[in-house]
Amino acid sequence: MDAKTSSADLSGEAGSEVEAKGARRSRVSGIDRALQVIDYLYETGAPAGAYAIAKAVKAPLSTVYVIIDDLVEKNMLARNADGSIWLGARLYHYGLAYARSLDFMSVATHEMHDLCREAGETVQVCGRDGDYMLVLAMADGPSHYQVASRVGTRVPLNWTASGRLLVGHLPEAERVELFKRCARTSPTGRAEIDARTLSDSAGKAFEERLSIQVAESDYAVACIASPVCDRSGECIATISIVLPEQKVVSDGNHYTEHVRASAQRIEKLMGWRNH
């Protein structure tokens with residue numbers, strides 16, 4: 001009798017455990033699907049319809065409709081007038097809260113605004129997002145000169161001065177393989193795409209703590225960047241001045257001194273200058 005009771009109890013416990021695991025798998029699957037939708041929008045950088053999203057994430061259209069409706073209701077996504085879907089305001093608030101919690105972003109943003117006042121030009125703090133450079137923060141200069149890349153803009157690493165610095169600390173072989181995979185032709189056609197050449201320039205720029213690009217990603221636009229390196233010596237971000245290309249030709253040294261000093265101040269305030 002006891003044996004039968006024990007066997008039944010074990011059977012019941014096993015059944016409950018299976019049900020619990022099944023429930024967990026179901027919940028995780030739902031979360032994964034929601035993240036796939038959000039990640040797709042983030043990576044493409046543009047609103048999309050439910051059909052395009054379902055096709056991209058390889059999920060049933062009916063499932064994607066349900067997920068989108070739920071996320072729109074919770075302000076995680078927003079539905080435009082034409083029915084396309086984009087990231088919602090709630091995600092923006094989460095991003096702001098996360099940014100406030102990062103000491104580095106607080107220090108870098110403060111230095112970015114100081115450099116903007118000193119140089120009198122637009123200044124950006126950029127980081128790496130896989131095969132892309134990502135604009136993390138930006139301070140508009142006092143002039144009427146407009147910069148196309150805003151906060152959240154992602155461009156191939158080989159297009160920008162910051163992109164090369166962000167991988168400059170990597171071993172040479174790793175840099176070459178990376179550029180073979182991710183180098184793209186820029187809109188101006190002036191960005192280098194040869195992996196070996198890019199690797200060499202990235203390594204040299206990192207050693208010199210300075211990278212300059214002129215009209216490689218946008219016509220008549222130049223960028224002067226310096227790396228911000230952590231305790232291990234890895235470039236985790238860059239600070240850069242974005243300005244008309246003629247100013248680099250006429251007075252480049254003035255800006256290079258400013259941007260290098262700003263990167264060093266960020267590292268010093270973060271306690272990273274001994275790397």
# chains A, B, ... in the order shown; residues from 1 in each chain; ligands from 1

$ closest_atom_pairs --of "stretch 90-192 of chain A" --to "stretch 231-237 of chain A" --cutoff "10 Å" --atoms "only C-alpha atoms" --output "JSON lines"
{"residue": "A:Phe104", "atom": "CA", "partner": "A:Ala237", "partner_atom": "CA", "distance": 9.8}
{"residue": "A:Met105", "atom": "CA", "partner": "A:Ala237", "partner_atom": "CA", "distance": 10.0}
{"residue": "A:Ala108", "atom": "CA", "partner": "A:Ala237", "partner_atom": "CA", "distance": 9.3}
{"residue": "A:Val125", "atom": "CA", "partner": "A:Ala237", "partner_atom": "CA", "distance": 6.9}
{"residue": "A:Cys126", "atom": "CA", "partner": "A:Ala237", "partner_atom": "CA", "distance": 5.5}
{"residue": "A:Gly127", "atom": "CA", "partner": "A:Ala237", "partner_atom": "CA", "distance": 4.5}
{"residue": "A:Arg128", "atom": "CA", "partner": "A:Ala237", "partner_atom": "CA", "distance": 7.2}
{"residue": "A:Met133", "atom": "CA", "partner": "A:Ala237", "partner_atom": "CA", "distance": 9.5}
{"residue": "A:Leu134", "atom": "CA", "partner": "A:Ala237", "partner_atom": "CA", "distance": 9.5}
{"residue": "A:Val135", "atom": "CA", "partner": "A:Ala237", "partner_atom": "CA", "distance": 9.7}
{"residue": "A:Leu136", "atom": "CA", "partner": "A:Ala237", "partner_atom": "CA", "distance": 9.0}
{"residue": "A:Ser162", "atom": "CA", "partner": "A:Ala237", "partner_atom": "CA", "distance": 8.1}
{"residue": "A:Gly163", "atom": "CA", "partner": "A:Ala237", "partner_atom": "CA", "distance": 9.5}
{"residue": "A:Leu165", "atom": "CA", "partner": "A:Cys235", "partner_atom": "CA", "distance": 7.0}
{"residue": "A:Leu166", "atom": "CA", "partner": "A:Cys235", "partner_atom": "CA", "distance": 5.4}
{"residue": "A:Val167", "atom": "CA", "partner": "A:Cys235", "partner_atom": "CA", "distance": 7.2}
{"residue": "A:Gly168", "atom": "CA", "partner": "A:Cys235", "partner_atom": "CA", "distance": 7.5}
{"residue": "A:His169", "atom": "CA", "partner": "A:Glu234", "partner_atom": "CA", "distance": 5.7}
{"residue": "A:Leu170", "atom": "CA", "partner": "A:Glu234", "partner_atom": "CA", "distance": 8.0}

$ write_last_selection --atoms "all heavy atoms" --output "CSV table (one decimal), in the first residue's frame"
chain,number,residue,atom,x,y,z
A,104,PHE,N,29.7,55.6,-17.0
A,104,PHE,CA,30.5,55.9,-18.2
A,104,PHE,C,29.7,56.9,-19.1
A,104,PHE,O,30.3,57.9,-19.5
A,104,PHE,CB,30.9,54.7,-19.0
A,104,PHE,CG,31.3,55.1,-20.4
A,104,PHE,CD1,32.6,55.6,-20.6
A,104,PHE,CD2,30.5,54.9,-21.5
A,104,PHE,CE1,33.0,56.0,-21.8
A,104,PHE,CE2,31.0,55.3,-22.8
A,104,PHE,CZ,32.2,55.8,-22.9
A,105,MET,N,28.5,56.6,-19.3
A,105,MET,CA,27.7,57.5,-20.2
A,105,MET,C,27.5,58.9,-19.6
A,105,MET,O,27.5,59.9,-20.3
A,105,MET,CB,26.3,56.9,-20.5
A,105,MET,CG,26.4,55.8,-21.6
A,105,MET,SD,27.2,56.3,-23.1
A,105,MET,CE,26.1,57.7,-23.7
A,108,ALA,N,30.9,60.6,-20.1
A,108,ALA,CA,31.1,60.8,-21.5
A,108,ALA,C,30.2,61.9,-22.0
A,108,ALA,O,30.7,62.8,-22.8
A,108,ALA,CB,31.0,59.5,-22.3
A,125,VAL,N,29.4,60.7,-29.2
A,125,VAL,CA,30.0,59.6,-28.5
A,125,VAL,C,29.5,58.3,-29.2
A,125,VAL,O,28.3,58.2,-29.3
A,125,VAL,CB,29.7,59.6,-27.0
A,125,VAL,CG1,30.2,58.3,-26.3
A,125,VAL,CG2,30.3,60.8,-26.3
A,126,CYS,N,30.4,57.5,-29.7
A,126,CYS,CA,30.0,56.3,-30.4
A,126,CYS,C,30.5,55.0,-29.8
A,126,CYS,O,31.5,55.0,-29.1
A,126,CYS,CB,30.5,56.4,-31.9
A,126,CYS,SG,29.9,57.9,-32.8
A,127,GLY,N,29.8,53.9,-30.1
A,127,GLY,CA,30.2,52.6,-29.6
A,127,GLY,C,30.0,51.6,-30.7
A,127,GLY,O,29.6,51.9,-31.8
A,128,ARG,N,30.3,50.4,-30.4
A,128,ARG,CA,30.2,49.3,-31.4
A,128,ARG,C,29.0,48.4,-31.1
A,128,ARG,O,28.7,48.1,-30.0
A,128,ARG,CB,31.5,48.4,-31.4
A,128,ARG,CG,31.5,47.3,-32.4
A,128,ARG,CD,32.7,46.4,-32.3
A,128,ARG,NE,32.6,45.2,-33.1
A,128,ARG,CZ,33.4,44.2,-33.0
A,128,ARG,NH1,34.4,44.2,-32.2
A,128,ARG,NH2,33.2,43.1,-33.8
A,133,MET,N,29.0,50.7,-36.3
A,133,MET,CA,29.2,51.7,-35.3
A,133,MET,C,27.9,52.3,-34.9
A,133,MET,O,27.0,52.6,-35.8
A,133,MET,CB,30.1,52.8,-35.9
A,133,MET,CG,30.5,53.9,-34.9
A,133,MET,SD,30.6,55.6,-35.7
A,133,MET,CE,28.9,56.0,-36.1
A,134,LEU,N,27.7,52.6,-33.7
A,134,LEU,CA,26.4,53.1,-33.2
A,134,LEU,C,26.6,54.5,-32.5
A,134,LEU,O,27.5,54.6,-31.6
A,134,LEU,CB,25.8,52.1,-32.2
A,134,LEU,CG,24.5,52.6,-31.5
A,134,LEU,CD1,23.3,52.7,-32.4
A,134,LEU,CD2,24.2,51.6,-30.3
A,135,VAL,N,25.8,55.5,-32.9
A,135,VAL,CA,25.9,56.8,-32.2
A,135,VAL,C,25.1,56.7,-30.9
A,135,VAL,O,23.9,56.5,-30.9
A,135,VAL,CB,25.3,57.9,-33.1
A,135,VAL,CG1,25.4,59.3,-32.4
A,135,VAL,CG2,26.0,58.0,-34.4
A,136,LEU,N,25.9,56.8,-29.8
A,136,LEU,CA,25.3,56.7,-28.4
A,136,LEU,C,24.8,58.0,-27.9
A,136,LEU,O,23.8,58.0,-27.1
A,136,LEU,CB,26.4,56.1,-27.5
A,136,LEU,CG,26.9,54.8,-27.8
A,136,LEU,CD1,28.1,54.5,-26.9
A,136,LEU,CD2,25.9,53.7,-27.7
A,162,SER,N,35.4,56.6,-36.2
A,162,SER,CA,35.2,55.9,-35.0
A,162,SER,C,35.1,54.4,-35.2
A,162,SER,O,35.6,53.6,-34.3
A,162,SER,CB,33.8,56.4,-34.4
A,162,SER,OG,34.0,57.7,-33.9
A,163,GLY,N,34.5,54.0,-36.3
A,163,GLY,CA,34.4,52.5,-36.5
A,163,GLY,C,35.7,51.8,-36.5
A,163,GLY,O,35.9,50.7,-36.0
A,165,LEU,N,38.5,52.8,-35.0
A,165,LEU,CA,39.1,52.9,-33.7
A,165,LEU,C,38.5,51.8,-32.8
A,165,LEU,O,39.2,51.2,-32.0
A,165,LEU,CB,38.9,54.2,-33.1
A,165,LEU,CG,39.8,55.4,-33.6
A,165,LEU,CD1,39.3,56.7,-33.0
A,165,LEU,CD2,41.2,55.1,-33.2
A,166,LEU,N,37.2,51.6,-33.0
A,166,LEU,CA,36.5,50.6,-32.1
A,166,LEU,C,37.0,49.2,-32.2
A,166,LEU,O,36.7,48.4,-31.3
A,166,LEU,CB,35.0,50.7,-32.4
A,166,LEU,CG,34.3,52.0,-31.9
A,166,LEU,CD1,32.9,52.2,-32.5
A,166,LEU,CD2,34.1,51.9,-30.3
A,167,VAL,N,37.7,48.9,-33.3
A,167,VAL,CA,38.2,47.5,-33.5
A,167,VAL,C,39.7,47.6,-33.6
A,167,VAL,O,40.4,46.5,-33.8
A,167,VAL,CB,37.6,46.9,-34.7
A,167,VAL,CG1,36.1,46.7,-34.6
A,167,VAL,CG2,38.0,47.6,-36.0
A,168,GLY,N,40.3,48.7,-33.3
A,168,GLY,CA,41.8,48.9,-33.5
A,168,GLY,C,42.6,48.1,-32.5
A,168,GLY,O,43.7,47.7,-32.7
A,169,HIS,N,42.0,47.8,-31.3
A,169,HIS,CA,42.7,47.0,-30.3
A,169,HIS,C,42.7,45.5,-30.5
A,169,HIS,O,43.4,44.8,-29.9
A,169,HIS,CB,42.0,47.3,-28.9
A,169,HIS,CG,40.6,46.8,-28.8
A,169,HIS,ND1,39.5,47.6,-29.3
A,169,HIS,CD2,40.1,45.6,-28.4
A,169,HIS,CE1,38.4,46.9,-29.1
A,169,HIS,NE2,38.7,45.7,-28.6
A,170,LEU,N,41.9,45.1,-31.5
A,170,LEU,CA,41.8,43.6,-31.7
A,170,LEU,C,43.1,43.1,-32.4
A,170,LEU,O,43.8,43.9,-33.1
A,170,LEU,CB,40.6,43.3,-32.6
A,170,LEU,CG,39.2,43.7,-32.1
A,170,LEU,CD1,38.2,43.5,-33.2
A,170,LEU,CD2,38.9,42.8,-30.8

$ select_by_dssp --residues "stretch 36-142 of chain A" --states "strand (DSSP E or B)" --output "list in words"
Ala48, Leu77, Ala78, Arg79, Ile85, Trp86, Leu87, Thr122, Val123, Gln124, Val125, Cys126, Gly127, Arg128, Asp129, Tyr132, Met133, Leu134, Val135, Leu136, Ala137, Met138 and Ala139 of chain A

$ residues_around --residues "A:Val147" --least-positions-apart "4" --cutoff "12 Å" --atoms "only C-alpha atoms" --output "VMD selection string"
chain A and resid 121 to 124 135 138 to 141 143 151 153 217 to 223 241 to 244

$ select_by_dssp --residues "stretch 74-260 of chain A" --states "alpha helix (DSSP H)" --output "VMD selection string"
chain A and resid 89 to 100 103 to 119 161 to 166 172 to 182 195 to 208 245 to 260
